[in-house]
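Chemist: Have a look at the structure that comes next, please.
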Amino acid sequence: MQSSLKPAITAIVVVGIAVSLFLLLRVFDPAPPNSNTGAVQTTTPAVMTPPISTTEFKVGRIEVAAILPLLMPNGMLADKGNRLVAPRFSPDGQRILWERYTGSSIPCSEGNKNCAYPESELWIYSLSTREWSKLVGPATQGNWSPDGARVAYLAQSKSGRLDLAWIQLNEGVPQIAAQDVTWSQVGWTDRTHLTFLDGDASIATIRLDGKNKKTTSPIKVQNPGGPMTLGIAGDGKTLAFVSDRQVWLVALDGRFEPRILKQSRDYLQFSNIVGGMAWSRDGRFLALATGDYYASIYDRDGSLISTIAMPGDHIDSLTWSPDGNIVACVAIRRGDNTPEFDVAIADRSAKEGKLLGLSNDEKYMMDWSPRGDYIVWGSAQQRLPGGLKITLK
């Protein structure tokens with residue numbers, strides 16, 4: 001009797017495991033459903049990775065709940081050079097702003113034939129509706145306003161000129177605030193003022209209507225290294241910028257004179273181009289990639305708190321947990337044939353970071369949800385972006 005029951009019991013167990021796995025995938029898979037709003041379900045091949053064991057991947061205060069596959073409409077990654085990078089969560093954590101490379105290039109400046117950067121578009125992915133929508137383009141360096149009602153960006157032109165622009169999301173009409181600016185990150189000092197790198201490499205603020213432009217710092221940026229040359233704290237009170245391998249701190253509220261940050265190791269130009277400088281969302285802490293694999297943590301007044309040795313041979317794409325207690329980065333290791341990519345985390349006062357132990361797929365630029373429940377990143381060209389659904393303990 002017992003032997004005759006074994007096949008039936010085995011079949012029930014197998015079916016139960018399959019049903020459980022299916023339900024978990026349904027919970028964590030944000031793939032867009034069919035919609036009457038114009039969004040379509042993608043047929044782009046995607047590897048649907050099942051949820052990871054939370055026991056195996058519990059690192060520090062983080063438990064990884066699932067791999068987060070972001071699917072998209074057909075055509076977004078169809079052509080050579082297409083890529084989704086630079087994710088930025090909206091202040092409410094419900095939307096993600098992405099930069100999509102079109103596959104074309106634009107001169108770094110008007111008439112420059114020796115330097116070019118990717119032509120881009122800005123797209124928004126909604127976590128609630130699971131739909132993608134194009135915001136504006138050609139455009140780069142998008143950044144949400146503090147209330148999430150607007151997005152500021154650099155408008156690209158085929159000639160290579162960049163204009164500082166912004167768009168009201170419920171109106172959809174681009175507005176130009178300043179013309180002929182330098183390629184750098186765009187920041188908000190409040191709901192109606194922007195900070196940017198002007199055409200002469202001076203740091204300036206301007207009102208959305210293009211009036212009341214003021215020079216923020218008496219120091220001009222020497223040899224701008226890319227978009228992360230400039231970083232504005234989330235509270236709009238402090239500014240950090242890179243000039244000739246030195247990192248300056250400027251108090252926009254006037255609480256101290258501009259000062260150079262003490263660095264335990266050289267601040268690398270190739271690091272800051274990708275994302276080697278990141279403010280915590282509340283503006284209390286600044287993380288810098290110093291040396292190849294060190295993350296240096298400063299308070300808002302420039303005092304060095306800690307220098308963290310992250311695993312790997314090189315780090316970039318720094319980002320913070322919402323409470324400013326944990327810093328995360330992309331950790332890159334030199335593989336036998338190709339680089340290996342993972343995500344490393346550390347408490348801000350730690351001496352060493354820890355790997356989450358993810359796949360080796362390329363991870364490029366990263367952001368942490370203000371609600372703390374997602375970390376997302378861009379990927380290699382014609383590859384789906386990725387992310388994690390996580391739990392903070």
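Naming scheme: A, B, ... for chains in displayed order of the structure tokens; residues 1 onward per chain; ligands 1 onward as shown.
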Skip A:Gly254 itself and residues of its chain fewer than 5 positions away, then list as a list in words all residues within 12 Å of it, counting only C-alpha atoms.

Modeler: Thr216, Ser217, Lys237, Thr238, Leu239, Leu249 and Asp301 of chain A

Chemist: Please, which residues of stretch 111-287 of chain A, numbered as in this document, come out strand (DSSP E) from DSSP, as a PyMOL selection string?

Modeler: chain A and resi 116-126+132-136+139-144+150-156+162-168+174-178+187-190+193-197+203-207+214-215+230-232+238-243+246-251+259-260+277-279+285-287

Chemist: Residues as selected, C-alpha atoms, written as a PDB file, in the first residue's frame, can you do that?

Modeler:
```pdb
ATOM      1  CA  ALA A 116      31.301  62.694 -29.232  1.00  0.00           C
ATOM      2  CA  TYR A 117      28.808  61.388 -26.713  1.00  0.00           C
ATOM      3  CA  PRO A 118      25.604  59.342 -27.167  1.00  0.00           C
ATOM      4  CA  GLU A 119      22.407  60.907 -28.405  1.00  0.00           C
ATOM      5  CA  SER A 120      19.749  60.169 -25.795  1.00  0.00           C
ATOM      6  CA  GLU A 121      16.052  60.317 -24.998  1.00  0.00           C
ATOM      7  CA  LEU A 122      14.357  60.456 -21.592  1.00  0.00           C
ATOM      8  CA  TRP A 123      11.750  57.784 -20.818  1.00  0.00           C
ATOM      9  CA  ILE A 124       9.612  57.153 -17.726  1.00  0.00           C
ATOM     10  CA  TYR A 125       8.643  53.725 -16.392  1.00  0.00           C
ATOM     11  CA  SER A 126       5.671  53.596 -14.002  1.00  0.00           C
ATOM     12  CA  TRP A 132       6.766  53.086 -20.492  1.00  0.00           C
ATOM     13  CA  SER A 133       6.355  56.556 -21.986  1.00  0.00           C
ATOM     14  CA  LYS A 134       8.796  58.778 -23.840  1.00  0.00           C
ATOM     15  CA  LEU A 135       9.211  62.137 -22.109  1.00  0.00           C
ATOM     16  CA  VAL A 136      11.503  64.165 -24.371  1.00  0.00           C
ATOM     17  CA  ALA A 139      17.989  64.943 -24.084  1.00  0.00           C
ATOM     18  CA  THR A 140      20.388  63.846 -21.352  1.00  0.00           C
ATOM     19  CA  GLN A 141      21.018  64.266 -17.592  1.00  0.00           C
ATOM     20  CA  GLY A 142      17.368  64.210 -16.510  1.00  0.00           C
ATOM     21  CA  ASN A 143      16.586  65.008 -12.884  1.00  0.00           C
ATOM     22  CA  TRP A 144      13.297  65.153 -10.970  1.00  0.00           C
ATOM     23  CA  ARG A 150       8.888  68.526 -13.353  1.00  0.00           C
ATOM     24  CA  VAL A 151      12.047  67.107 -14.899  1.00  0.00           C
ATOM     25  CA  ALA A 152      15.097  69.234 -15.700  1.00  0.00           C
ATOM     26  CA  TYR A 153      17.561  68.093 -18.351  1.00  0.00           C
ATOM     27  CA  LEU A 154      20.067  69.117 -21.019  1.00  0.00           C
ATOM     28  CA  ALA A 155      18.487  69.414 -24.470  1.00  0.00           C
ATOM     29  CA  GLN A 156      20.834  68.028 -27.128  1.00  0.00           C
ATOM     30  CA  LEU A 162      23.440  71.855 -25.043  1.00  0.00           C
ATOM     31  CA  ASP A 163      20.639  73.929 -23.545  1.00  0.00           C
ATOM     32  CA  LEU A 164      19.362  73.782 -19.974  1.00  0.00           C
ATOM     33  CA  ALA A 165      15.693  72.831 -20.181  1.00  0.00           C
ATOM     34  CA  TRP A 166      12.796  71.540 -18.090  1.00  0.00           C
ATOM     35  CA  ILE A 167       9.354  70.089 -18.674  1.00  0.00           C
ATOM     36  CA  GLN A 168       6.145  70.109 -16.632  1.00  0.00           C
ATOM     37  CA  PRO A 174       9.672  71.728 -23.011  1.00  0.00           C
ATOM     38  CA  GLN A 175      10.960  75.075 -21.710  1.00  0.00           C
ATOM     39  CA  ILE A 176      14.494  76.480 -22.141  1.00  0.00           C
ATOM     40  CA  ALA A 177      16.042  78.139 -19.067  1.00  0.00           C
ATOM     41  CA  ALA A 178      19.596  78.752 -20.402  1.00  0.00           C
ATOM     42  CA  GLY A 187      20.402  69.965  -9.947  1.00  0.00           C
ATOM     43  CA  TRP A 188      17.451  71.585  -8.199  1.00  0.00           C
ATOM     44  CA  THR A 189      18.114  74.020  -5.353  1.00  0.00           C
ATOM     45  CA  ASP A 190      14.351  74.276  -4.795  1.00  0.00           C
ATOM     46  CA  HIS A 193      15.629  77.155  -9.360  1.00  0.00           C
ATOM     47  CA  LEU A 194      18.224  75.039 -11.175  1.00  0.00           C
ATOM     48  CA  THR A 195      21.970  74.668 -10.676  1.00  0.00           C
ATOM     49  CA  PHE A 196      24.141  73.830 -13.684  1.00  0.00           C
ATOM     50  CA  LEU A 197      27.526  74.298 -15.354  1.00  0.00           C
ATOM     51  CA  ILE A 203      28.627  77.048 -11.635  1.00  0.00           C
ATOM     52  CA  ALA A 204      25.382  78.994 -11.816  1.00  0.00           C
ATOM     53  CA  THR A 205      21.799  78.966 -10.578  1.00  0.00           C
ATOM     54  CA  ILE A 206      18.856  80.221 -12.584  1.00  0.00           C
ATOM     55  CA  ARG A 207      15.114  80.541 -12.216  1.00  0.00           C
ATOM     56  CA  LYS A 214      23.698  83.998 -10.526  1.00  0.00           C
ATOM     57  CA  THR A 215      27.192  82.544 -10.226  1.00  0.00           C
ATOM     58  CA  LEU A 230      28.803  68.434 -10.431  1.00  0.00           C
ATOM     59  CA  GLY A 231      26.586  67.073  -7.649  1.00  0.00           C
ATOM     60  CA  ILE A 232      23.885  68.906  -5.695  1.00  0.00           C
ATOM     61  CA  THR A 238      25.349  71.916  -0.565  1.00  0.00           C
ATOM     62  CA  LEU A 239      27.191  71.485  -3.846  1.00  0.00           C
ATOM     63  CA  ALA A 240      30.197  69.287  -4.664  1.00  0.00           C
ATOM     64  CA  PHE A 241      32.201  69.525  -7.866  1.00  0.00           C
ATOM     65  CA  VAL A 242      35.388  68.109  -9.351  1.00  0.00           C
ATOM     66  CA  SER A 243      38.055  70.435 -10.732  1.00  0.00           C
ATOM     67  CA  GLN A 246      40.233  67.998  -6.552  1.00  0.00           C
ATOM     68  CA  VAL A 247      36.778  67.891  -5.001  1.00  0.00           C
ATOM     69  CA  TRP A 248      35.337  71.192  -3.827  1.00  0.00           C
ATOM     70  CA  LEU A 249      32.437  71.668  -1.453  1.00  0.00           C
ATOM     71  CA  VAL A 250      30.265  74.800  -1.662  1.00  0.00           C
ATOM     72  CA  ALA A 251      27.601  75.740   0.885  1.00  0.00           C
ATOM     73  CA  ARG A 259      36.648  74.240   0.659  1.00  0.00           C
ATOM     74  CA  ILE A 260      38.604  71.332  -0.803  1.00  0.00           C
ATOM     75  CA  MET A 277      29.982  60.932  -6.506  1.00  0.00           C
ATOM     76  CA  ALA A 278      26.621  60.578  -4.759  1.00  0.00           C
ATOM     77  CA  TRP A 279      24.757  62.557  -2.101  1.00  0.00           C
ATOM     78  CA  PHE A 285      26.350  62.619   3.479  1.00  0.00           C
ATOM     79  CA  LEU A 286      28.506  62.535   0.357  1.00  0.00           C
ATOM     80  CA  ALA A 287      30.114  59.368  -1.020  1.00  0.00           C
TER      81      ALA A 287
END
```

Chemist: When you look at A:Lys363 with a cut-off of 9 Å (counting only C-alpha atoms), what residues show up, excluding the ones that are within fewer than 4 positions of it in the same chain? I need them as a ChimeraX atom specification.

Modeler: /A:317,330-331,341-343,377-380,385-386

Chemist: Would you output that residue set with C-alpha atoms, as a PDB file, in the first residue's frame?

Modeler:
```
ATOM      1  CA  SER A 317      27.656  54.019  -9.688  1.00  0.00           C
ATOM      2  CA  VAL A 330      28.674  48.568  -8.655  1.00  0.00           C
ATOM      3  CA  ALA A 331      31.767  46.457  -7.953  1.00  0.00           C
ATOM      4  CA  PHE A 341      29.870  43.030 -12.305  1.00  0.00           C
ATOM      5  CA  ASP A 342      28.196  42.776  -8.909  1.00  0.00           C
ATOM      6  CA  VAL A 343      26.606  45.082  -6.327  1.00  0.00           C
ATOM      7  CA  TRP A 377      20.604  49.776 -12.815  1.00  0.00           C
ATOM      8  CA  GLY A 378      21.266  50.199 -16.511  1.00  0.00           C
ATOM      9  CA  SER A 379      22.885  47.482 -18.577  1.00  0.00           C
ATOM     10  CA  ALA A 380      24.936  46.809 -21.705  1.00  0.00           C
ATOM     11  CA  PRO A 385      18.076  46.865 -17.459  1.00  0.00           C
ATOM     12  CA  GLY A 386      17.868  45.104 -14.142  1.00  0.00           C
TER      13      GLY A 386
END
```

Chemist: Name the closest residue to A:Val85 among the candidates A:Thr391, A:Ser296, A:Gln382, A:Ser104; distances are taken between atoms, counting only C-alpha atoms.

Modeler: A:Gln382

Chemist: When you count only C-alpha atoms, which of these residues is closest to A:Arg88: A:Gly148, A:Gly357, A:Gly75, A:Gly172?

Modeler: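 The answer is A:Gly148, which sits nearest to A:Arg88.
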
Chemist: Tell me, which residues of stretch 220-365 of chain A carry DSSP helix (DSSP H, G or I), written as JSON, numbers by chain?

Modeler: {"A": [227, 228, 229, 269, 270, 271, 272, 273, 274]}

Chemist: For the residues in that selection, give me N, CA and C atoms as a PDB file, in the first residue's frame.

Modeler:
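Contents of the output file result-v4.pdb:
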```pdb
ATOM      1  N   PRO A 227      29.351  64.154 -16.653  1.00  0.00           N
ATOM      2  CA  PRO A 227      28.128  64.542 -15.945  1.00  0.00           C
ATOM      3  C   PRO A 227      28.276  64.586 -14.440  1.00  0.00           C
ATOM      4  N   MET A 228      29.152  63.745 -13.894  1.00  0.00           N
ATOM      5  CA  MET A 228      29.282  63.724 -12.445  1.00  0.00           C
ATOM      6  C   MET A 228      30.324  64.710 -11.941  1.00  0.00           C
ATOM      7  N   THR A 229      30.733  65.660 -12.791  1.00  0.00           N
ATOM      8  CA  THR A 229      31.599  66.743 -12.347  1.00  0.00           C
ATOM      9  C   THR A 229      30.915  67.558 -11.258  1.00  0.00           C
ATOM     10  N   GLN A 269      39.327  60.605 -12.334  1.00  0.00           N
ATOM     11  CA  GLN A 269      38.433  61.224 -13.286  1.00  0.00           C
ATOM     12  C   GLN A 269      37.531  60.206 -13.970  1.00  0.00           C
ATOM     13  N   PHE A 270      38.069  59.019 -14.300  1.00  0.00           N
ATOM     14  CA  PHE A 270      37.209  58.046 -14.983  1.00  0.00           C
ATOM     15  C   PHE A 270      36.134  57.524 -14.043  1.00  0.00           C
ATOM     16  N   SER A 271      36.363  57.584 -12.749  1.00  0.00           N
ATOM     17  CA  SER A 271      35.332  57.158 -11.809  1.00  0.00           C
ATOM     18  C   SER A 271      34.186  58.158 -11.765  1.00  0.00           C
ATOM     19  N   ASN A 272      34.534  59.456 -11.689  1.00  0.00           N
ATOM     20  CA  ASN A 272      33.467  60.424 -11.503  1.00  0.00           C
ATOM     21  C   ASN A 272      32.623  60.581 -12.769  1.00  0.00           C
ATOM     22  N   ILE A 273      33.147  60.210 -13.929  1.00  0.00           N
ATOM     23  CA  ILE A 273      32.360  60.281 -15.152  1.00  0.00           C
ATOM     24  C   ILE A 273      31.181  59.321 -15.062  1.00  0.00           C
ATOM     25  N   VAL A 274      31.395  58.149 -14.526  1.00  0.00           N
ATOM     26  CA  VAL A 274      30.352  57.129 -14.484  1.00  0.00           C
ATOM     27  C   VAL A 274      29.389  57.344 -13.326  1.00  0.00           C
TER      28      VAL A 274
END
```

Chemist: Residues at most 6 Å from A:Ala289, counting only C-alpha atoms, excluding those fewer than 4 positions away in the same chain, as a PyMOL selection string?

Modeler: chain A and resi 276+294-295

Chemist: One number please: atom CA of A:Ser184 to atom CA of A:Pro107, in Å, one decimal.

Modeler: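 These atoms are spaced 14.8 Å apart.
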